[in-house]
file input39.pdb (PDB, C-alpha atoms and all ligand atoms)
ATOM      1  CA  MET A   1       0.330  24.237  20.377
ATOM      2  CA  ALA A   2       2.570  21.590  18.886
ATOM      3  CA  ASP A   3       0.680  18.352  18.317
ATOM      4  CA  ALA A   4       0.516  15.616  15.698
ATOM      5  CA  PHE A   5      -1.529  17.824  13.370
ATOM      6  CA  GLU A   6       0.948  20.703  13.394
ATOM      7  CA  ASN A   7       2.858  19.081  10.493
ATOM      8  CA  ILE A   8      -0.058  19.272   8.059
ATOM      9  CA  PHE A   9       1.541  22.180   6.202
ATOM     10  CA  GLY A  10      -0.571  24.608   4.206
ATOM     11  CA  GLN A  11      -3.944  23.053   5.158
ATOM     12  CA  PRO A  12      -5.282  24.989   8.176
ATOM     13  CA  ARG A  13      -8.913  23.934   7.612
ATOM     14  CA  VAL A  14      -8.037  20.235   7.409
ATOM     15  CA  ARG A  15      -5.864  20.616  10.490
ATOM     16  CA  ASP A  16      -8.661  22.248  12.489
ATOM     17  CA  PHE A  17     -11.248  19.737  11.292
ATOM     18  CA  LEU A  18      -9.187  16.643  12.185
ATOM     19  CA  ARG A  19      -8.095  18.133  15.507
ATOM     20  CA  ALA A  20     -11.713  18.893  16.439
ATOM     21  CA  SER A  21     -12.863  15.392  15.385
ATOM     22  CA  VAL A  22     -10.249  13.732  17.588
ATOM     23  CA  ARG A  23     -10.856  16.009  20.555
ATOM     24  CA  GLY A  24     -14.616  15.649  20.262
ATOM     25  CA  GLY A  25     -14.266  11.862  20.045
ATOM     26  CA  HIS A  26     -16.095  11.591  16.736
ATOM     27  CA  VAL A  27     -13.479  10.180  14.399
ATOM     28  CA  SER A  28     -14.832   8.273  11.421
ATOM     29  CA  GLN A  29     -13.565   4.778  10.530
ATOM     30  CA  ALA A  30     -13.268   5.575   6.817
ATOM     31  CA  TYR A  31     -11.899   8.808   5.384
ATOM     32  CA  LEU A  32     -11.319   9.954   1.831
ATOM     33  CA  PHE A  33      -8.753  12.762   1.582
ATOM     34  CA  CYS A  34      -9.140  14.513  -1.792
ATOM     35  CA  GLY A  35      -6.619  16.959  -3.172
ATOM     36  CA  PRO A  36      -3.987  17.504  -5.872
ATOM     37  CA  ALA A  37      -0.446  16.087  -5.663
ATOM     38  CA  GLY A  38       1.572  18.053  -3.126
ATOM     39  CA  SER A  39      -1.385  19.040  -0.933
ATOM     40  CA  ASN A  40      -0.016  17.059   2.045
ATOM     41  CA  LYS A  41      -2.645  14.316   2.166
ATOM     42  CA  THR A  42      -0.118  11.641   3.130
ATOM     43  CA  ALA A  43       1.313  13.722   5.981
ATOM     44  CA  ALA A  44      -2.250  14.373   7.203
ATOM     45  CA  ALA A  45      -3.063  10.642   7.088
ATOM     46  CA  TYR A  46      -0.017   9.822   9.250
ATOM     47  CA  ALA A  47      -0.918  12.630  11.682
ATOM     48  CA  LEU A  48      -4.421  11.203  12.017
ATOM     49  CA  ALA A  49      -2.903   7.737  12.550
ATOM     50  CA  GLN A  50      -0.828   9.179  15.406
ATOM     51  CA  ALA A  51      -3.893  10.668  17.073
ATOM     52  CA  TYR A  52      -5.795   7.382  16.597
ATOM     53  CA  LEU A  53      -3.099   4.964  17.819
ATOM     54  CA  CYS A  54      -1.342   7.062  20.471
ATOM     55  CA  PRO A  55      -1.678   5.125  23.773
ATOM     56  CA  LYS A  56      -2.244   8.385  25.647
ATOM     57  CA  GLY A  57      -5.600   8.322  23.874
ATOM     58  CA  ALA A  58      -8.264  10.965  23.455
ATOM     59  CA  LYS A  59      -8.749  11.047  27.236
ATOM     60  CA  GLY A  60      -5.127  12.096  27.786
ATOM     61  CA  PRO A  61      -4.192  15.535  29.056
ATOM     62  CA  ARG A  62      -3.824  16.884  25.527
ATOM     63  CA  GLY A  63      -6.874  15.302  23.979
ATOM     64  CA  GLY A  64      -5.026  12.422  22.342
ATOM     65  CA  LEU A  65      -2.720  14.792  20.508
ATOM     66  CA  CYS A  66       0.607  13.583  21.874
ATOM     67  CA  GLY A  67       2.877  13.376  18.814
ATOM     68  CA  ALA A  68       5.838  12.575  21.068
ATOM     69  CA  CYS A  69       5.579   9.023  22.562
ATOM     70  CA  ASP A  70       7.222   5.886  21.110
ATOM     71  CA  ALA A  71       4.134   5.001  19.017
ATOM     72  CA  CYS A  72       3.810   8.560  17.686
ATOM     73  CA  SER A  73       7.491   8.712  16.795
ATOM     74  CA  ARG A  74       7.390   5.301  15.026
ATOM     75  CA  ILE A  75       4.391   6.471  13.010
ATOM     76  CA  ALA A  76       6.138   9.740  12.124
ATOM     77  CA  ARG A  77       9.136   7.706  10.879
ATOM     78  CA  ARG A  78       6.628   5.476   9.055
ATOM     79  CA  LYS A  79       7.911   2.434  10.932
ATOM     80  CA  HIS A  80       4.864   1.453  12.997
ATOM     81  CA  PRO A  81       3.731  -2.094  12.146
ATOM     82  CA  ASP A  82       0.060  -1.188  12.697
ATOM     83  CA  VAL A  83       0.035   1.680  10.221
ATOM     84  CA  ARG A  84       0.026   0.186   6.729
ATOM     85  CA  TYR A  85       0.590   2.230   3.598
ATOM     86  CA  TYR A  86      -0.391   0.957   0.155
ATOM     87  CA  ALA A  87      -0.019   2.365  -3.348
ATOM     88  CA  PRO A  88      -1.195   0.836  -6.642
ATOM     89  CA  GLU A  89       1.147  -2.001  -7.611
ATOM     90  CA  GLY A  90      -0.180  -2.665 -11.107
ATOM     91  CA  ALA A  91       0.738  -0.520 -14.109
ATOM     92  CA  GLY A  92      -2.929   0.497 -14.476
ATOM     93  CA  GLY A  93      -3.799   0.788 -10.778
ATOM     94  CA  TYR A  94      -4.588  -1.439  -7.809
ATOM     95  CA  LEU A  95      -4.559  -5.179  -8.500
ATOM     96  CA  VAL A  96      -7.555  -7.194  -7.285
ATOM     97  CA  GLU A  97      -5.039  -9.553  -5.649
ATOM     98  CA  GLN A  98      -3.502  -6.606  -3.784
ATOM     99  CA  ILE A  99      -6.919  -5.521  -2.436
ATOM    100  CA  ARG A 100      -7.701  -9.109  -1.339
ATOM    101  CA  GLU A 101      -4.388  -9.139   0.525
ATOM    102  CA  ILE A 102      -5.403  -5.904   2.327
ATOM    103  CA  VAL A 103      -8.901  -7.205   3.111
ATOM    104  CA  SER A 104      -7.533 -10.373   4.726
ATOM    105  CA  ASP A 105      -4.899  -8.374   6.618
ATOM    106  CA  VAL A 106      -7.609  -6.107   8.111
ATOM    107  CA  SER A 107      -9.055  -9.055  10.042
ATOM    108  CA  TYR A 108      -5.782  -9.794  11.923
ATOM    109  CA  ALA A 109      -5.164  -8.334  15.380
ATOM    110  CA  PRO A 110      -2.835  -5.323  15.686
ATOM    111  CA  ILE A 111       0.839  -6.045  16.432
ATOM    112  CA  GLN A 112       1.849  -3.237  18.827
ATOM    113  CA  ALA A 113      -1.043  -0.814  19.231
ATOM    114  CA  LYS A 114      -4.669  -1.415  20.160
ATOM    115  CA  SER A 115      -5.886  -0.365  16.708
ATOM    116  CA  LYS A 116      -4.684  -0.334  13.097
ATOM    117  CA  VAL A 117      -4.685   2.258  10.339
ATOM    118  CA  TYR A 118      -4.711   1.453   6.609
ATOM    119  CA  ILE A 119      -3.633   4.235   4.260
ATOM    120  CA  LEU A 120      -4.388   3.604   0.576
ATOM    121  CA  ASP A 121      -2.816   6.130  -1.757
ATOM    122  CA  ARG A 122      -4.157   6.988  -5.231
ATOM    123  CA  VAL A 123      -7.612   5.420  -4.833
ATOM    124  CA  ASP A 124      -8.494   7.236  -8.046
ATOM    125  CA  MET A 125      -6.564   4.255  -9.492
ATOM    126  CA  LEU A 126      -8.921   1.763  -7.877
ATOM    127  CA  GLY A 127     -10.842   0.111 -10.725
ATOM    128  CA  THR A 128     -14.316  -1.388 -10.435
ATOM    129  CA  ALA A 129     -13.172  -4.987  -9.863
ATOM    130  CA  ALA A 130     -10.647  -4.028  -7.164
ATOM    131  CA  ALA A 131     -13.155  -1.604  -5.576
ATOM    132  CA  ASN A 132     -15.823  -4.317  -5.408
ATOM    133  CA  ALA A 133     -13.414  -6.543  -3.497
ATOM    134  CA  PHE A 134     -12.990  -3.715  -0.992
ATOM    135  CA  LEU A 135     -16.549  -2.362  -0.451
ATOM    136  CA  LYS A 136     -17.617  -4.637   2.392
ATOM    137  CA  THR A 137     -14.460  -3.927   4.400
ATOM    138  CA  LEU A 138     -14.805  -0.196   3.777
ATOM    139  CA  GLU A 139     -18.436  -0.200   4.858
ATOM    140  CA  GLU A 140     -17.970  -2.236   8.012
ATOM    141  CA  PRO A 141     -14.351  -2.276   9.122
ATOM    142  CA  PRO A 142     -13.581  -4.082  12.407
ATOM    143  CA  ALA A 143     -14.062  -1.782  15.428
ATOM    144  CA  ASN A 144     -10.336  -1.154  15.882
ATOM    145  CA  VAL A 145      -9.532  -0.331  12.242
ATOM    146  CA  MET A 146      -9.383   3.058  10.529
ATOM    147  CA  ILE A 147      -9.099   3.314   6.746
ATOM    148  CA  VAL A 148      -7.763   6.496   5.135
ATOM    149  CA  LEU A 149      -8.042   6.727   1.349
ATOM    150  CA  LEU A 150      -6.119   9.338  -0.634
ATOM    151  CA  GLY A 151      -7.294  10.503  -4.073
ATOM    152  CA  ARG A 152      -6.680  13.375  -6.471
ATOM    153  CA  THR A 153     -10.287  14.599  -6.848
ATOM    154  CA  ARG A 154     -13.613  13.454  -5.481
ATOM    155  CA  GLU A 155     -14.905  12.981  -9.050
ATOM    156  CA  SER A 156     -12.004  10.682  -9.991
ATOM    157  CA  VAL A 157     -12.910   8.190  -7.245
ATOM    158  CA  LEU A 158     -15.685   5.618  -7.816
ATOM    159  CA  PRO A 159     -19.006   6.809  -6.257
ATOM    160  CA  THR A 160     -19.394   3.491  -4.396
ATOM    161  CA  ILE A 161     -16.147   4.316  -2.573
ATOM    162  CA  VAL A 162     -16.938   8.011  -1.978
ATOM    163  CA  SER A 163     -20.349   7.261  -0.456
ATOM    164  CA  ARG A 164     -18.791   5.030   2.210
ATOM    165  CA  CYS A 165     -16.286   7.631   3.427
ATOM    166  CA  GLN A 166     -16.109  10.898   5.308
ATOM    167  CA  VAL A 167     -14.716  13.141   2.525
ATOM    168  CA  VAL A 168     -12.075  15.734   3.508
ATOM    169  CA  PRO A 169     -11.099  18.204   0.744
ATOM    170  CA  PHE A 170      -7.499  19.487   0.535
ATOM    171  CA  ARG A 171      -6.668  22.771  -1.192
ATOM    172  CA  HIS A 172      -4.026  23.265  -3.867
ATOM    173  CA  ILE A 173      -0.953  24.864  -2.269
ATOM    174  CA  PRO A 174       0.493  27.580  -4.575
ATOM    175  CA  ALA A 175       4.169  27.094  -5.578
ATOM    176  CA  THR A 176       5.462  30.184  -3.754
ATOM    177  CA  GLU A 177       3.730  29.113  -0.538
ATOM    178  CA  ALA A 178       5.102  25.573  -0.915
ATOM    179  CA  ALA A 179       8.650  26.896  -1.394
ATOM    180  CA  GLY A 180       8.215  29.026   1.751
ATOM    181  CA  ILE A 181       7.076  25.999   3.763
ATOM    182  CA  ILE A 182      10.099  23.999   2.570
ATOM    183  CA  ARG A 183      12.483  26.837   3.417
ATOM    184  CA  GLN A 184      10.987  27.009   6.907
ATOM    185  CA  ASN A 185      11.499  23.272   7.437
ATOM    186  CA  THR A 186      14.906  22.688   5.859
ATOM    187  CA  GLY A 187      16.611  26.075   5.877
ATOM    188  CA  ALA A 188      17.139  25.774   2.096
ATOM    189  CA  SER A 189      16.991  28.878  -0.114
ATOM    190  CA  ILE A 190      13.751  29.585  -1.995
ATOM    191  CA  GLU A 191      15.542  28.751  -5.272
ATOM    192  CA  THR A 192      16.732  25.358  -3.943
ATOM    193  CA  ALA A 193      13.273  24.704  -2.484
ATOM    194  CA  ARG A 194      11.735  25.303  -5.924
ATOM    195  CA  ILE A 195      14.167  22.849  -7.574
ATOM    196  CA  ALA A 196      13.411  20.255  -4.881
ATOM    197  CA  ILE A 197       9.633  20.537  -5.430
ATOM    198  CA  GLU A 198      10.144  20.175  -9.167
ATOM    199  CA  ALA A 199      12.367  17.112  -8.601
ATOM    200  CA  CYS A 200       9.778  15.557  -6.265
ATOM    201  CA  SER A 201       6.740  16.039  -8.540
ATOM    202  CA  GLY A 202       5.228  18.744  -6.320
ATOM    203  CA  SER A 203       5.328  16.862  -3.005
ATOM    204  CA  ILE A 204       6.325  19.151  -0.116
ATOM    205  CA  THR A 205       6.960  16.228   2.233
ATOM    206  CA  ARG A 206       9.223  14.420  -0.267
ATOM    207  CA  ALA A 207      10.996  17.683  -1.175
ATOM    208  CA  CYS A 208      11.870  18.179   2.519
ATOM    209  CA  GLU A 209      13.200  14.598   2.714
ATOM    210  CA  PHE A 210      15.137  15.115  -0.516
ATOM    211  CA  LEU A 211      16.817  18.268   0.828
ATOM    212  CA  LYS A 212      17.688  16.498   4.082
ATOM    213  CA  SER A 213      19.250  13.539   2.197
ATOM    214  CA  ASN A 214      22.968  14.084   1.524
ATOM    215  CA  ASP A 215      23.123  11.099  -0.857
ATOM    216  CA  SER A 216      20.413  12.487  -3.152
ATOM    217  CA  LEU A 217      21.983  15.952  -3.214
ATOM    218  CA  ALA A 218      25.485  14.589  -3.865
ATOM    219  CA  PHE A 219      24.191  12.419  -6.690
ATOM    220  CA  ARG A 220      22.325  15.314  -8.257
ATOM    221  CA  ARG A 221      25.490  17.439  -8.118
ATOM    222  CA  GLY A 222      27.351  14.544  -9.767
ATOM    223  CA  VAL A 223      24.871  14.442 -12.653
ATOM    224  CA  VAL A 224      25.021  18.210 -13.196
ATOM    225  CA  ASP A 225      28.819  18.052 -13.084
ATOM    226  CA  ALA A 226      28.895  15.160 -15.582
ATOM    227  CA  MET A 227      26.585  17.064 -17.947
ATOM    228  CA  SER A 228      28.824  20.123 -17.899
ATOM    229  CA  ARG A 229      31.919  17.991 -18.641
ATOM    230  CA  LEU A 230      30.335  16.077 -21.524
ATOM    231  CA  ALA A 231      31.222  18.737 -24.094
ATOM    232  CA  THR A 232      34.978  18.329 -23.527
ATOM    233  CA  ALA A 233      35.059  14.643 -22.492
ATOM    234  CA  ASP A 234      36.511  11.858 -24.657
ATOM    235  CA  ASP A 235      35.011   8.330 -24.825
ATOM    236  CA  TRP A 236      37.045   7.089 -21.889
ATOM    237  CA  ASP A 237      36.006  10.074 -19.706
ATOM    238  CA  ILE A 238      32.344   9.420 -20.524
ATOM    239  CA  ILE A 239      32.618   5.758 -19.468
ATOM    240  CA  GLU A 240      34.238   6.831 -16.189
ATOM    241  CA  LEU A 241      31.559   9.470 -15.553
ATOM    242  CA  ALA A 242      28.812   6.924 -16.209
ATOM    243  CA  ALA A 243      30.424   4.318 -13.937
ATOM    244  CA  GLY A 244      30.731   6.922 -11.140
ATOM    245  CA  LEU A 245      27.051   7.839 -11.455
ATOM    246  CA  VAL A 246      25.926   4.206 -11.360
ATOM    247  CA  ARG A 247      27.916   3.678  -8.123
ATOM    248  CA  ALA A 248      26.474   6.856  -6.587
ATOM    249  CA  ALA A 249      22.908   5.945  -7.623
ATOM    250  CA  LYS A 250      23.162   2.603  -5.846
ATOM    251  CA  ALA A 251      24.150   4.055  -2.452
ATOM    252  CA  PRO A 252      20.755   5.497  -1.381
ATOM    253  CA  LEU A 253      18.963   2.405  -2.711
ATOM    254  CA  ASP A 254      21.200   0.152  -0.626
ATOM    255  CA  ASP A 255      20.077   2.207   2.384
ATOM    256  CA  VAL A 256      16.415   1.651   1.452
ATOM    257  CA  ARG A 257      17.003  -2.079   1.054
ATOM    258  CA  ALA A 258      18.846  -2.323   4.396
ATOM    259  CA  ALA A 259      16.081  -0.367   6.170
ATOM    260  CA  LEU A 260      13.353  -2.610   4.741
ATOM    261  CA  GLU A 261      15.247  -5.762   5.731
ATOM    262  CA  ALA A 262      15.869  -4.434   9.256
ATOM    263  CA  GLU A 263      12.203  -3.569   9.620
ATOM    264  CA  LEU A 264      11.190  -7.040   8.450
ATOM    265  CA  SER A 265      13.487  -8.823  10.911
ATOM    266  CA  GLU A 266      12.304  -6.516  13.714
ATOM    267  CA  ASN A 267       8.723  -7.608  13.105
ATOM    268  CA  ALA A 268       9.438 -11.202  12.022
ATOM    269  CA  ASP A 269       8.564 -12.677  15.421
ATOM    270  CA  PHE A 270       5.012 -11.401  15.162
ATOM    271  CA  LEU A 271       4.310 -12.499  11.625
ATOM    272  CA  ALA A 272       3.228 -15.728  10.028
ATOM    273  CA  LYS A 273       5.391 -17.166   7.223
ATOM    274  CA  SER A 274       2.842 -16.253   4.566
ATOM    275  CA  ALA A 275       2.716 -12.660   5.849
ATOM    276  CA  ILE A 276       6.524 -12.458   5.681
ATOM    277  CA  ARG A 277       6.451 -13.672   2.069
ATOM    278  CA  GLN A 278       3.874 -10.991   1.246
ATOM    279  CA  ILE A 279       6.007  -8.296   2.873
ATOM    280  CA  GLU A 280       9.108  -9.495   1.014
ATOM    281  CA  ALA A 281       7.212  -9.255  -2.267
ATOM    282  CA  ARG A 282       5.969  -5.787  -1.323
ATOM    283  CA  ASN A 283       9.511  -4.695  -0.363
ATOM    284  CA  LYS A 284      10.773  -5.768  -3.782
ATOM    285  CA  ARG A 285       8.060  -3.664  -5.420
ATOM    286  CA  GLN A 286       8.941  -0.752  -3.111
ATOM    287  CA  ILE A 287      12.601  -0.912  -4.130
ATOM    288  CA  THR A 288      11.554  -0.813  -7.788
ATOM    289  CA  ALA A 289       9.361   2.214  -7.075
ATOM    290  CA  LYS A 290      12.187   3.934  -5.114
ATOM    291  CA  THR A 291      14.560   3.283  -8.029
ATOM    292  CA  SER A 292      12.331   5.087 -10.501
ATOM    293  CA  GLN A 293      11.612   7.853  -7.961
ATOM    294  CA  ALA A 294      15.358   8.391  -7.415
ATOM    295  CA  LEU A 295      16.021   8.491 -11.163
ATOM    296  CA  HIS A 296      13.209  10.993 -11.647
ATOM    297  CA  GLN A 297      14.484  13.227  -8.834
ATOM    298  CA  VAL A 298      17.974  13.252 -10.238
ATOM    299  CA  PHE A 299      17.236  13.834 -13.894
ATOM    300  CA  SER A 300      14.295  16.252 -13.713
TER
HETATM  301 ZN    ZN B   1       1.710   9.598  21.293
END
call {"tool": "encode", "arguments": {"input": "input39.pdb", "output": "structure tokens", "more": "lines below"}}
Ligand SMILES: [Zn+2]
result
Amino acid sequence: MADAFENIFGQPRVRDFLRASVRGGHVSQAYLFCGPAGSNKTAAAYALAQAYLCPKGAKGPRGGLCGACDACSRIARRKHPDVRYYAPEGAGGYLVEQIREIVSDVSYAPIQAKSKVYILDRVDMLGTAAANAFLKTLEEPPANVMIVLLGRTRESVLPTIVSRCQVVPFRHIPATEAAGIIRQNTGASIETARIAIEACSGSITRACEFLKSNDSLAFRRGVVDAMSRLATADDWDIIELAAGLVRAAKAPLDDVRAALEAELSENADFLAKSAIRQIEARNKRQITAKTSQALHQVFS
């Protein structure tokens, strides 16, 4: 049956495990999802967040597995104010300051739902100092908070973190299987699906988004076209090609910026001034990350 967990592609065991935990009412408050890039950990974390925050709850007719109400749809679009996603913001990993910000945020009441979910990506990049700032929160989160950590391998995550979490292993999804999953979800050819995975560093979820984004595809075509014309182009042609690419590259980023600003103003009423400043700083860092992601996707 179609529920929130149906979108955890290529991980039937994880899907069954999380579904059974939610239905049986024994969800943990701290999870560590371990698996290589492209094994759908992020999608699984958002699916779990849906099951946890959905107002129909575990006592609902479908065991809390709605996936269709307003809260579920906001979470799926990654726009729910009570589901927070973090990635390392320092060059070498998580900053201690960033972890302190998360720890203090955990103690605030939820904005729309009854509970909150914190998703921390790449906790293999959580150094000792940052981890120490986080241990107490991880060990005893407030009753209405769930923390989902994502890491590459169990061994790459500090033992003090691992021991405080329910560990869920994710399998490596072979390339041919991944391409099949993408074809199923976007209708793209296997060849195009392969290129998209390559461009998105192995992430199935991002490859699907990439193939559904007309801006990204148009820009990529522009780059390929420019490359093929370089051999016969004179200096003036090259300047024009470059200027065209810069304009095209900005378009999707403007969309990202507009979406972040809209989201901020939508939630501004609920937030204190200091929280808004923190979100603005985080948005700036997100735009920088999106810029490098877009460049990577286009030139790979
Ligand atoms: Zn729901």
call {"tool": "residues_near_ligand", "arguments": {"input": "input39.pdb", "ligand": "ligand ZN 1 (chain B)", "cutoff": "7 Å", "atoms": "only C-alpha atoms and all ligand atoms", "output": "compact mmCIF listing (two decimals) with C-alpha atoms, keeping the file's coordinate frame"}}
result
# COMPACT_ATOMS: atom_id res chain seq x y z
CA GLN A 50 -0.83 9.18 15.41
CA CYS A 54 -1.34 7.06 20.47
CA PRO A 55 -1.68 5.12 23.77
CA LYS A 56 -2.24 8.38 25.65
CA LEU A 65 -2.72 14.79 20.51
CA CYS A 66 0.61 13.58 21.87
CA GLY A 67 2.88 13.38 18.81
CA ALA A 68 5.84 12.58 21.07
CA CYS A 69 5.58 9.02 22.56
CA ASP A 70 7.22 5.89 21.11
CA ALA A 71 4.13 5.00 19.02
CA CYS A 72 3.81 8.56 17.69
call {"tool": "atom_distance", "arguments": {"input": "input39.pdb", "atom1": "atom CA of A:Val96", "atom2": "atom CA of A:Leu126"}}
result
9.1 Å
call {"tool": "resolve_selection", "arguments": {"input": "input39.pdb", "expression": "the PyMOL selection byres (((chain A and resi 18-33) around 9) and not hetatm)", "output": "VMD selection string"}}
result
chain A and resid 4 to 5 13 to 17 34 to 35 41 to 42 44 to 45 48 51 to 52 58 to 59 62 to 65 123 138 to 141 143 to 154 161 to 162 164 to 170
call {"tool": "closest_residue", "arguments": {"input": "input39.pdb", "among": "A:Asp234, A:Ser203, A:Ala218, A:Val224", "to": "A:Arg247", "atoms": "only C-alpha atoms"}}
result
A:Ala218
call {"tool": "residues_near_point", "arguments": {"input": "input39.pdb", "point": "(0.3, 20.4, 0.9)", "cutoff": "9 Å", "atoms": "only C-alpha atoms", "output": "compact mmCIF listing (two decimals) with C-alpha atoms, keeping the file's coordinate frame"}}
result
# COMPACT_ATOMS: atom_id res chain seq x y z
CA ILE A 8 -0.06 19.27 8.06
CA PHE A 9 1.54 22.18 6.20
CA GLY A 10 -0.57 24.61 4.21
CA GLN A 11 -3.94 23.05 5.16
CA GLY A 35 -6.62 16.96 -3.17
CA PRO A 36 -3.99 17.50 -5.87
CA ALA A 37 -0.45 16.09 -5.66
CA GLY A 38 1.57 18.05 -3.13
CA SER A 39 -1.38 19.04 -0.93
CA ASN A 40 -0.02 17.06 2.04
CA LYS A 41 -2.64 14.32 2.17
CA ALA A 43 1.31 13.72 5.98
CA PHE A 170 -7.50 19.49 0.54
CA ARG A 171 -6.67 22.77 -1.19
CA HIS A 172 -4.03 23.26 -3.87
CA ILE A 173 -0.95 24.86 -2.27
CA ALA A 178 5.10 25.57 -0.92
CA GLY A 202 5.23 18.74 -6.32
CA SER A 203 5.33 16.86 -3.00
CA ILE A 204 6.32 19.15 -0.12
CA THR A 205 6.96 16.23 2.23
call {"tool": "atom_distance", "arguments": {"input": "input39.pdb", "atom1": "atom CA of A:Leu120", "atom2": "atom CA of A:Pro88"}}
result
8.4 Å
call {"tool": "atom_distance", "arguments": {"input": "input39.pdb", "atom1": "atom CA of A:Glu280", "atom2": "atom CA of A:Tyr85"}}
result
14.7 Å
call {"tool": "closest_residue", "arguments": {"input": "input39.pdb", "among": "A:Ala76, A:Ala175, A:Ala193, A:Val83", "to": "A:Ser115", "atoms": "all atoms listed in the file"}}
result
A:Val83
